[in-house]
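Data from my_file_22.txt: compact mmCIF, C-alpha atoms
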```txt
# COMPACT_ATOMS: atom_id res chain seq x y z
CA MET A 1 0.00 0.00 0.00
CA SER A 2 1.42 3.40 -0.95
CA ALA A 3 2.11 5.93 1.77
CA GLN A 4 -0.53 8.28 0.32
CA VAL A 5 -3.26 5.60 0.35
CA LYS A 6 -2.23 4.52 3.86
CA THR A 7 -2.40 8.12 5.10
CA ALA A 8 -5.82 8.62 3.52
CA PHE A 9 -7.09 5.39 5.09
CA GLU A 10 -5.72 6.33 8.51
CA ARG A 11 -7.36 9.76 8.23
CA THR A 12 -10.64 8.05 7.28
CA VAL A 13 -10.43 5.64 10.23
CA ASP A 14 -9.64 8.48 12.66
CA GLU A 15 -12.61 10.49 11.42
CA GLY A 16 -14.82 7.41 11.59
CA VAL A 17 -13.89 6.91 15.23
CA GLU A 18 -14.58 10.60 15.92
CA ARG A 19 -18.00 10.45 14.22
CA LEU A 20 -18.99 7.27 16.02
CA ARG A 21 -18.07 8.74 19.42
CA ARG A 22 -20.10 11.94 19.02
CA SER A 23 -22.65 12.60 21.71
CA THR A 24 -26.29 12.20 20.71
CA PRO A 25 -27.01 15.98 20.72
CA VAL A 26 -23.94 16.64 18.55
CA LEU A 27 -24.89 13.80 16.20
CA LEU A 28 -28.43 15.13 15.82
CA ALA A 29 -27.18 18.69 15.36
CA THR A 30 -24.63 17.80 12.66
CA GLY A 31 -27.25 15.61 10.96
CA THR A 32 -29.78 18.43 11.00
CA VAL A 33 -27.25 20.89 9.59
CA GLY A 34 -26.46 18.32 6.87
CA GLY A 35 -30.16 18.23 5.97
CA LEU A 36 -30.27 22.03 5.92
CA ASP A 37 -27.17 22.11 3.68
CA VAL A 38 -28.56 19.67 1.13
CA GLY A 39 -31.96 21.38 1.36
CA LEU A 40 -30.30 24.63 0.30
CA GLY A 41 -28.80 22.76 -2.64
CA VAL A 42 -32.28 21.55 -3.59
CA PHE A 43 -33.50 25.15 -3.30
CA GLY A 44 -30.74 26.19 -5.73
CA LEU A 45 -31.69 23.35 -8.08
CA LEU A 46 -35.38 24.27 -8.04
CA LEU A 47 -34.77 27.99 -8.43
CA VAL A 48 -32.34 27.64 -11.33
CA HIS A 49 -34.50 25.04 -13.09
CA HIS A 50 -37.57 27.27 -12.63
CA LEU A 51 -35.78 30.35 -14.00
CA THR A 52 -33.86 28.71 -16.86
CA GLY A 53 -35.54 25.37 -17.61
CA SER A 54 -32.01 23.95 -17.81
CA THR A 55 -31.37 20.64 -16.08
CA PRO A 56 -27.54 20.91 -16.35
CA LEU A 57 -27.55 24.40 -14.81
CA ALA A 58 -29.90 23.16 -12.08
CA ALA A 59 -27.50 20.27 -11.39
CA ILE A 60 -24.65 22.75 -10.96
CA ALA A 61 -26.81 24.83 -8.59
CA PHE A 62 -27.47 21.69 -6.50
CA SER A 63 -23.76 21.66 -5.68
CA ILE A 64 -24.36 24.63 -3.35
CA GLY A 65 -25.59 22.13 -0.77
CA PHE A 66 -22.56 19.88 -1.16
CA LEU A 67 -20.20 22.85 -0.90
CA ALA A 68 -21.90 23.83 2.36
CA LEU A 69 -21.80 20.23 3.55
CA THR A 70 -18.07 20.01 2.84
CA LEU A 71 -17.14 23.32 4.44
CA ALA A 72 -19.40 22.91 7.48
CA ASN A 73 -18.31 19.32 8.20
CA SER A 74 -21.95 18.46 8.74
CA GLU A 75 -23.29 14.92 8.69
CA LEU A 76 -24.96 13.33 5.69
CA PHE A 77 -26.52 9.90 6.15
CA THR A 78 -25.34 8.66 2.77
CA GLU A 79 -21.77 9.68 3.62
CA ASN A 80 -21.75 7.36 6.61
CA PHE A 81 -20.89 4.14 4.88
CA LEU A 82 -17.20 4.51 4.02
CA ILE A 83 -15.93 6.48 7.00
CA PRO A 84 -17.48 4.75 10.05
CA VAL A 85 -17.33 1.32 8.44
CA SER A 86 -13.59 1.87 7.96
CA ALA A 87 -13.25 2.49 11.70
CA VAL A 88 -15.11 -0.75 12.45
CA VAL A 89 -13.07 -2.73 9.90
CA ALA A 90 -9.88 -1.35 11.49
CA LYS A 91 -11.27 -2.64 14.84
CA LYS A 92 -11.13 0.82 16.42
CA ILE A 93 -14.80 0.81 17.42
CA ARG A 94 -17.69 -1.63 17.76
CA LEU A 95 -20.23 -2.36 15.05
CA ARG A 96 -23.28 -1.30 17.09
CA ALA A 97 -22.06 2.31 17.08
CA ILE A 98 -22.83 2.49 13.35
CA GLY A 99 -26.56 1.88 13.92
CA ARG A 100 -26.72 4.85 16.30
CA LEU A 101 -24.86 7.04 13.81
CA TRP A 102 -27.05 5.97 10.89
CA LEU A 103 -30.28 6.52 12.80
CA GLY A 104 -29.23 9.87 14.26
CA SER A 105 -27.88 11.29 11.02
CA MET A 106 -30.88 10.05 9.03
CA VAL A 107 -33.34 11.65 11.46
CA GLY A 108 -31.34 14.89 11.50
CA ASN A 109 -31.05 14.96 7.69
CA LEU A 110 -34.79 14.45 7.26
CA VAL A 111 -35.70 17.12 9.82
CA GLY A 112 -33.25 19.63 8.32
CA GLY A 113 -34.38 18.90 4.77
CA TRP A 114 -38.07 19.16 5.67
CA VAL A 115 -37.51 22.49 7.44
CA VAL A 116 -35.68 24.00 4.46
CA MET A 117 -38.27 22.75 1.96
CA ALA A 118 -41.13 24.10 4.10
CA VAL A 119 -39.43 27.51 4.19
CA VAL A 120 -38.61 27.40 0.46
CA ILE A 121 -42.16 26.50 -0.57
CA ALA A 122 -43.64 29.12 1.80
CA GLY A 123 -41.23 31.77 0.53
CA PHE A 124 -41.31 30.76 -3.14
CA PRO A 125 -44.71 29.18 -3.80
CA GLN A 126 -44.00 29.24 -7.54
CA LEU A 127 -41.46 26.45 -6.90
CA GLY A 128 -44.09 24.17 -5.32
CA ASN A 129 -45.23 22.40 -8.48
CA LEU A 130 -41.65 21.79 -9.63
CA ALA A 131 -40.70 20.47 -6.18
CA ARG A 132 -43.67 18.10 -6.14
CA SER A 133 -43.10 16.84 -9.69
CA THR A 134 -39.42 16.26 -8.93
CA ALA A 135 -40.23 14.30 -5.77
CA VAL A 136 -43.07 12.33 -7.38
CA HIS A 137 -40.71 11.14 -10.11
CA TYR A 138 -38.79 9.10 -7.54
CA VAL A 139 -41.91 7.85 -5.78
CA HIS A 140 -43.46 6.66 -9.04
CA ALA A 141 -40.22 4.95 -10.08
CA GLY A 142 -41.05 2.27 -7.53
CA ILE A 143 -38.74 -0.56 -6.63
CA THR A 144 -37.42 -1.75 -9.96
CA LEU A 145 -34.10 -2.81 -11.39
CA GLY A 146 -33.72 0.71 -12.78
CA SER A 147 -34.37 2.42 -9.44
CA PHE A 148 -32.08 -0.07 -7.69
CA CYS A 149 -29.30 0.66 -10.19
CA THR A 150 -29.69 4.43 -9.82
CA ALA A 151 -29.49 3.99 -6.02
CA ILE A 152 -26.27 2.01 -6.44
CA LEU A 153 -24.85 4.71 -8.72
CA GLY A 154 -25.83 7.40 -6.20
CA GLY A 155 -24.11 5.48 -3.42
CA MET A 156 -21.01 5.06 -5.57
CA VAL A 157 -20.90 8.80 -6.29
CA ILE A 158 -21.20 9.71 -2.60
CA THR A 159 -18.59 7.14 -1.57
CA LEU A 160 -16.19 8.33 -4.27
CA MET A 161 -16.70 11.94 -3.18
CA THR A 162 -16.01 10.96 0.43
CA TRP A 163 -12.86 9.05 -0.51
CA MET A 164 -11.60 11.88 -2.76
CA GLN A 165 -12.15 14.40 0.01
CA HIS A 166 -10.29 12.23 2.52
CA SER A 167 -7.43 11.59 0.12
CA THR A 168 -6.38 15.23 0.09
CA GLU A 169 -5.93 18.14 2.44
CA SER A 170 -6.49 20.62 -0.39
CA VAL A 171 -9.69 22.59 0.18
CA PRO A 172 -10.06 23.47 -3.54
CA ALA A 173 -9.77 19.76 -4.40
CA LYS A 174 -12.40 18.88 -1.78
CA LEU A 175 -14.72 21.52 -3.21
CA ALA A 176 -14.13 20.27 -6.77
CA ALA A 177 -15.10 16.75 -5.62
CA ALA A 178 -18.26 18.15 -4.01
CA VAL A 179 -19.31 20.05 -7.15
CA ALA A 180 -18.62 17.13 -9.49
CA SER A 181 -20.47 14.68 -7.25
CA ALA A 182 -23.48 16.94 -6.75
CA PHE A 183 -23.69 17.47 -10.51
CA LEU A 184 -23.81 13.72 -11.12
CA LEU A 185 -26.44 13.19 -8.46
```

Could you quickly redo this structure as structure tokens?
Amino acid sequence: MSAQVKTAFERTVDEGVERLRRSTPVLLATGTVGGLDVGLGVFGLLLVHHLTGSTPLAAIAFSIGFLALTLANSELFTENFLIPVSAVVAKKIRLRAIGRLWLGSMVGNLVGGWVVMAVVIAGFPQLGNLARSTAVHYVHAGITLGSFCTAILGGMVITLMTWMQHSTESVPAKLAAAVASAFLL
């Protein structure tokens, strides 16, 4: 294993241990802020799509949430597969701690996202129909091979973003990974 990969893995394990040892209030707070961050990205996506009709521009606007997520070090449920699992695999922490992290970050993300969307729709009612049609697309997709495959791709993108961000100390590189990943999602 190269020294660079070893350093990145050690940094990932250390962060995994730190995340898994957070107190419940801190876990819920960072999860809620993560939901707020991504919610702001969705607001950007909706606003740009509404104003321009351009899906690629809307995808770029969505990256606002991932930039905030990266800079704020907030907690995103879907980010919690590589980092804490690495800490468990390295035998630095017990497996049951992951369940607590997953539950707390998921609840926080949902609460934060719901709050932002409620404020967005109240403040910009013209975005309501677009928000609903965007959400309904995923609901109507159902559980199919196609929806399963897109979920796998989404997980791959998030995991790759997480690994890229932990493989460098360069803030511009971390932000580039966030923008590229948000665009793909």

Would you list the contacts of Leu69 (chain A) as a list in words, taking every protein, DNA or RNA residue within 9 Å and counting all atoms listed in the file, but skipping same-chain residues closer than 5 positions in sequence?
->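 My list of contacting residues is Val33, Gly34, Gly35, Leu36, Asp37, Val38, Ile64, Ser74, Glu75, Leu76 and Ala178 of chain A.
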
Mind giving me the straight-line distance from CA of Thr70 (chain A) to CA of Val171 (chain A) in Å, one decimal?
->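 Pair CA of Thr70 (chain A) / CA of Val171 (chain A) returns 9.2 Å.
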
Have a look at CA of Pro25 (chain A) and CA of Leu101 (chain A) and let me know their distance in Å, one decimal.
->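 Pair CA of Pro25 (chain A) / CA of Leu101 (chain A) returns 11.5 Å.
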
Restricting to only C-alpha atoms, whichever of A:Leu145, A:Ala176, A:Leu185, A:Leu82 is closest to Val17 (chain A) is A:Leu82

Edge lengths and centre in Å to one decimal, as AutoDock Vina command-line options, of the axis-aligned box that encloses all listed atoms of region 61-74 of chain A with 4 Å added on every side?
```
--center_x -22.3 --center_y 21.6 --center_z 0.1 --size_x 18.3 --size_y 14.4 --size_z 25.3
```

Check the smallest atom-to-atom distance from each of A:His137, A:Thr78, A:Leu110, A:Phe43 to Ala151 (chain A) using all atoms listed in the file, then report the winner.
->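 Closest candidate: A:Thr78.
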
Find, counting all atoms listed in the file, the residue in A:Gly154, A:Gly53, A:Gly41, A:Gly31 that gets nearest to Val116 (chain A).
->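 Going through A:Gly154, A:Gly53, A:Gly41, A:Gly31 one by one, the smallest distance to Val116 (chain A) is for A:Gly41.
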
Interatomic distance between CA of Met106 (chain A) and CA of Glu169 (chain A)?
->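 Computing it gives 27.0 Å between the two atoms.
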
Could I get region 100-137 of chain A from the block written out with N, CA, C and O atoms, as a PDB file, in the first residue's frame?
```pdb
ATOM      1  N   ARG A 100     -26.396   3.584  15.637  1.00  0.00           N
ATOM      2  CA  ARG A 100     -26.717   4.848  16.299  1.00  0.00           C
ATOM      3  C   ARG A 100     -26.406   6.032  15.386  1.00  0.00           C
ATOM      4  O   ARG A 100     -27.199   6.957  15.237  1.00  0.00           O
ATOM      5  N   LEU A 101     -25.250   5.975  14.727  1.00  0.00           N
ATOM      6  CA  LEU A 101     -24.856   7.042  13.806  1.00  0.00           C
ATOM      7  C   LEU A 101     -25.819   7.127  12.628  1.00  0.00           C
ATOM      8  O   LEU A 101     -26.266   8.211  12.254  1.00  0.00           O
ATOM      9  N   TRP A 102     -26.144   5.972  12.040  1.00  0.00           N
ATOM     10  CA  TRP A 102     -27.050   5.969  10.891  1.00  0.00           C
ATOM     11  C   TRP A 102     -28.428   6.502  11.263  1.00  0.00           C
ATOM     12  O   TRP A 102     -29.003   7.310  10.547  1.00  0.00           O
ATOM     13  N   LEU A 103     -28.961   6.057  12.383  1.00  0.00           N
ATOM     14  CA  LEU A 103     -30.283   6.517  12.804  1.00  0.00           C
ATOM     15  C   LEU A 103     -30.275   8.009  13.110  1.00  0.00           C
ATOM     16  O   LEU A 103     -31.129   8.764  12.630  1.00  0.00           O
ATOM     17  N   GLY A 104     -29.303   8.458  13.895  1.00  0.00           N
ATOM     18  CA  GLY A 104     -29.233   9.874  14.265  1.00  0.00           C
ATOM     19  C   GLY A 104     -29.023  10.793  13.084  1.00  0.00           C
ATOM     20  O   GLY A 104     -29.670  11.835  12.959  1.00  0.00           O
ATOM     21  N   SER A 105     -28.123  10.419  12.168  1.00  0.00           N
ATOM     22  CA  SER A 105     -27.879  11.289  11.017  1.00  0.00           C
ATOM     23  C   SER A 105     -29.061  11.273  10.056  1.00  0.00           C
ATOM     24  O   SER A 105     -29.409  12.306   9.477  1.00  0.00           O
ATOM     25  N   MET A 106     -29.714  10.116   9.904  1.00  0.00           N
ATOM     26  CA  MET A 106     -30.885  10.052   9.026  1.00  0.00           C
ATOM     27  C   MET A 106     -32.012  10.931   9.565  1.00  0.00           C
ATOM     28  O   MET A 106     -32.612  11.716   8.818  1.00  0.00           O
ATOM     29  N   VAL A 107     -32.289  10.824  10.858  1.00  0.00           N
ATOM     30  CA  VAL A 107     -33.343  11.647  11.460  1.00  0.00           C
ATOM     31  C   VAL A 107     -32.995  13.128  11.320  1.00  0.00           C
ATOM     32  O   VAL A 107     -33.831  13.942  10.908  1.00  0.00           O
ATOM     33  N   GLY A 108     -31.764  13.491  11.632  1.00  0.00           N
ATOM     34  CA  GLY A 108     -31.336  14.888  11.503  1.00  0.00           C
ATOM     35  C   GLY A 108     -31.436  15.385  10.072  1.00  0.00           C
ATOM     36  O   GLY A 108     -31.920  16.494   9.819  1.00  0.00           O
ATOM     37  N   ASN A 109     -30.974  14.576   9.109  1.00  0.00           N
ATOM     38  CA  ASN A 109     -31.051  14.964   7.694  1.00  0.00           C
ATOM     39  C   ASN A 109     -32.485  15.201   7.261  1.00  0.00           C
ATOM     40  O   ASN A 109     -32.786  16.198   6.582  1.00  0.00           O
ATOM     41  N   LEU A 110     -33.390  14.299   7.645  1.00  0.00           N
ATOM     42  CA  LEU A 110     -34.794  14.449   7.258  1.00  0.00           C
ATOM     43  C   LEU A 110     -35.403  15.704   7.876  1.00  0.00           C
ATOM     44  O   LEU A 110     -36.082  16.474   7.184  1.00  0.00           O
ATOM     45  N   VAL A 111     -35.155  15.924   9.155  1.00  0.00           N
ATOM     46  CA  VAL A 111     -35.701  17.116   9.819  1.00  0.00           C
ATOM     47  C   VAL A 111     -35.162  18.384   9.153  1.00  0.00           C
ATOM     48  O   VAL A 111     -35.922  19.291   8.807  1.00  0.00           O
ATOM     49  N   GLY A 112     -33.842  18.450   8.957  1.00  0.00           N
ATOM     50  CA  GLY A 112     -33.250  19.633   8.322  1.00  0.00           C
ATOM     51  C   GLY A 112     -33.776  19.858   6.920  1.00  0.00           C
ATOM     52  O   GLY A 112     -34.101  20.983   6.540  1.00  0.00           O
ATOM     53  N   GLY A 113     -33.876  18.788   6.135  1.00  0.00           N
ATOM     54  CA  GLY A 113     -34.385  18.901   4.768  1.00  0.00           C
ATOM     55  C   GLY A 113     -35.838  19.347   4.733  1.00  0.00           C
ATOM     56  O   GLY A 113     -36.221  20.193   3.917  1.00  0.00           O
ATOM     57  N   TRP A 114     -36.653  18.775   5.623  1.00  0.00           N
ATOM     58  CA  TRP A 114     -38.069  19.164   5.671  1.00  0.00           C
ATOM     59  C   TRP A 114     -38.227  20.629   6.055  1.00  0.00           C
ATOM     60  O   TRP A 114     -39.068  21.337   5.485  1.00  0.00           O
ATOM     61  N   VAL A 115     -37.425  21.086   7.008  1.00  0.00           N
ATOM     62  CA  VAL A 115     -37.513  22.491   7.440  1.00  0.00           C
ATOM     63  C   VAL A 115     -37.177  23.416   6.272  1.00  0.00           C
ATOM     64  O   VAL A 115     -37.907  24.373   5.988  1.00  0.00           O
ATOM     65  N   VAL A 116     -36.066  23.135   5.590  1.00  0.00           N
ATOM     66  CA  VAL A 116     -35.676  23.997   4.465  1.00  0.00           C
ATOM     67  C   VAL A 116     -36.745  23.984   3.377  1.00  0.00           C
ATOM     68  O   VAL A 116     -37.128  25.037   2.858  1.00  0.00           O
ATOM     69  N   MET A 117     -37.257  22.816   3.032  1.00  0.00           N
ATOM     70  CA  MET A 117     -38.265  22.746   1.965  1.00  0.00           C
ATOM     71  C   MET A 117     -39.557  23.458   2.369  1.00  0.00           C
ATOM     72  O   MET A 117     -40.179  24.114   1.527  1.00  0.00           O
ATOM     73  N   ALA A 118     -39.936  23.376   3.645  1.00  0.00           N
ATOM     74  CA  ALA A 118     -41.129  24.098   4.102  1.00  0.00           C
ATOM     75  C   ALA A 118     -40.923  25.603   3.951  1.00  0.00           C
ATOM     76  O   ALA A 118     -41.818  26.317   3.480  1.00  0.00           O
ATOM     77  N   VAL A 119     -39.736  26.083   4.311  1.00  0.00           N
ATOM     78  CA  VAL A 119     -39.433  27.513   4.193  1.00  0.00           C
ATOM     79  C   VAL A 119     -39.363  27.919   2.719  1.00  0.00           C
ATOM     80  O   VAL A 119     -39.885  28.968   2.325  1.00  0.00           O
ATOM     81  N   VAL A 120     -38.728  27.092   1.897  1.00  0.00           N
ATOM     82  CA  VAL A 120     -38.611  27.395   0.464  1.00  0.00           C
ATOM     83  C   VAL A 120     -39.989  27.493  -0.179  1.00  0.00           C
ATOM     84  O   VAL A 120     -40.292  28.457  -0.886  1.00  0.00           O
ATOM     85  N   ILE A 121     -40.830  26.507   0.063  1.00  0.00           N
ATOM     86  CA  ILE A 121     -42.163  26.504  -0.572  1.00  0.00           C
ATOM     87  C   ILE A 121     -43.027  27.647  -0.038  1.00  0.00           C
ATOM     88  O   ILE A 121     -43.785  28.254  -0.800  1.00  0.00           O
ATOM     89  N   ALA A 122     -42.890  27.979   1.246  1.00  0.00           N
ATOM     90  CA  ALA A 122     -43.639  29.116   1.797  1.00  0.00           C
ATOM     91  C   ALA A 122     -43.129  30.434   1.218  1.00  0.00           C
ATOM     92  O   ALA A 122     -43.912  31.333   0.914  1.00  0.00           O
ATOM     93  N   GLY A 123     -41.820  30.536   1.040  1.00  0.00           N
ATOM     94  CA  GLY A 123     -41.228  31.767   0.534  1.00  0.00           C
ATOM     95  C   GLY A 123     -41.298  31.910  -0.977  1.00  0.00           C
ATOM     96  O   GLY A 123     -41.328  33.012  -1.508  1.00  0.00           O
ATOM     97  N   PHE A 124     -41.295  30.780  -1.675  1.00  0.00           N
ATOM     98  CA  PHE A 124     -41.308  30.764  -3.141  1.00  0.00           C
ATOM     99  C   PHE A 124     -42.375  29.786  -3.617  1.00  0.00           C
ATOM    100  O   PHE A 124     -42.061  28.719  -4.148  1.00  0.00           O
ATOM    101  N   PRO A 125     -43.652  30.138  -3.438  1.00  0.00           N
ATOM    102  CA  PRO A 125     -44.710  29.184  -3.805  1.00  0.00           C
ATOM    103  C   PRO A 125     -44.676  28.772  -5.271  1.00  0.00           C
ATOM    104  O   PRO A 125     -45.151  27.691  -5.623  1.00  0.00           O
ATOM    105  N   GLN A 126     -44.098  29.587  -6.129  1.00  0.00           N
ATOM    106  CA  GLN A 126     -43.999  29.243  -7.544  1.00  0.00           C
ATOM    107  C   GLN A 126     -43.103  28.023  -7.776  1.00  0.00           C
ATOM    108  O   GLN A 126     -43.147  27.420  -8.849  1.00  0.00           O
ATOM    109  N   LEU A 127     -42.307  27.632  -6.774  1.00  0.00           N
ATOM    110  CA  LEU A 127     -41.459  26.448  -6.899  1.00  0.00           C
ATOM    111  C   LEU A 127     -42.173  25.169  -6.451  1.00  0.00           C
ATOM    112  O   LEU A 127     -41.647  24.072  -6.625  1.00  0.00           O
ATOM    113  N   GLY A 128     -43.368  25.309  -5.878  1.00  0.00           N
ATOM    114  CA  GLY A 128     -44.090  24.170  -5.319  1.00  0.00           C
ATOM    115  C   GLY A 128     -44.374  23.069  -6.319  1.00  0.00           C
ATOM    116  O   GLY A 128     -44.132  21.887  -6.041  1.00  0.00           O
ATOM    117  N   ASN A 129     -44.905  23.425  -7.482  1.00  0.00           N
ATOM    118  CA  ASN A 129     -45.227  22.397  -8.483  1.00  0.00           C
ATOM    119  C   ASN A 129     -43.978  21.669  -8.971  1.00  0.00           C
ATOM    120  O   ASN A 129     -43.993  20.444  -9.138  1.00  0.00           O
ATOM    121  N   LEU A 130     -42.901  22.405  -9.192  1.00  0.00           N
ATOM    122  CA  LEU A 130     -41.648  21.786  -9.631  1.00  0.00           C
ATOM    123  C   LEU A 130     -41.104  20.864  -8.539  1.00  0.00           C
ATOM    124  O   LEU A 130     -40.646  19.755  -8.833  1.00  0.00           O
ATOM    125  N   ALA A 131     -41.175  21.302  -7.292  1.00  0.00           N
ATOM    126  CA  ALA A 131     -40.699  20.471  -6.176  1.00  0.00           C
ATOM    127  C   ALA A 131     -41.498  19.176  -6.095  1.00  0.00           C
ATOM    128  O   ALA A 131     -40.930  18.086  -5.946  1.00  0.00           O
ATOM    129  N   ARG A 132     -42.818  19.295  -6.207  1.00  0.00           N
ATOM    130  CA  ARG A 132     -43.672  18.100  -6.144  1.00  0.00           C
ATOM    131  C   ARG A 132     -43.414  17.165  -7.318  1.00  0.00           C
ATOM    132  O   ARG A 132     -43.299  15.950  -7.149  1.00  0.00           O
ATOM    133  N   SER A 133     -43.314  17.706  -8.514  1.00  0.00           N
ATOM    134  CA  SER A 133     -43.103  16.836  -9.685  1.00  0.00           C
ATOM    135  C   SER A 133     -41.731  16.166  -9.625  1.00  0.00           C
ATOM    136  O   SER A 133     -41.587  15.020 -10.053  1.00  0.00           O
ATOM    137  N   THR A 134     -40.754  16.858  -9.090  1.00  0.00           N
ATOM    138  CA  THR A 134     -39.422  16.260  -8.931  1.00  0.00           C
ATOM    139  C   THR A 134     -39.477  15.114  -7.928  1.00  0.00           C
ATOM    140  O   THR A 134     -38.940  14.028  -8.182  1.00  0.00           O
ATOM    141  N   ALA A 135     -40.134  15.336  -6.806  1.00  0.00           N
ATOM    142  CA  ALA A 135     -40.233  14.298  -5.772  1.00  0.00           C
ATOM    143  C   ALA A 135     -41.063  13.116  -6.246  1.00  0.00           C
ATOM    144  O   ALA A 135     -40.706  11.956  -6.017  1.00  0.00           O
ATOM    145  N   VAL A 136     -42.161  13.385  -6.921  1.00  0.00           N
ATOM    146  CA  VAL A 136     -43.065  12.331  -7.377  1.00  0.00           C
ATOM    147  C   VAL A 136     -42.377  11.420  -8.389  1.00  0.00           C
ATOM    148  O   VAL A 136     -42.644  10.215  -8.437  1.00  0.00           O
ATOM    149  N   HIS A 137     -41.460  11.963  -9.146  1.00  0.00           N
ATOM    150  CA  HIS A 137     -40.713  11.143 -10.110  1.00  0.00           C
ATOM    151  C   HIS A 137     -40.084   9.936  -9.410  1.00  0.00           C
ATOM    152  O   HIS A 137     -40.161   8.811  -9.887  1.00  0.00           O
TER     153      HIS A 137
END
```
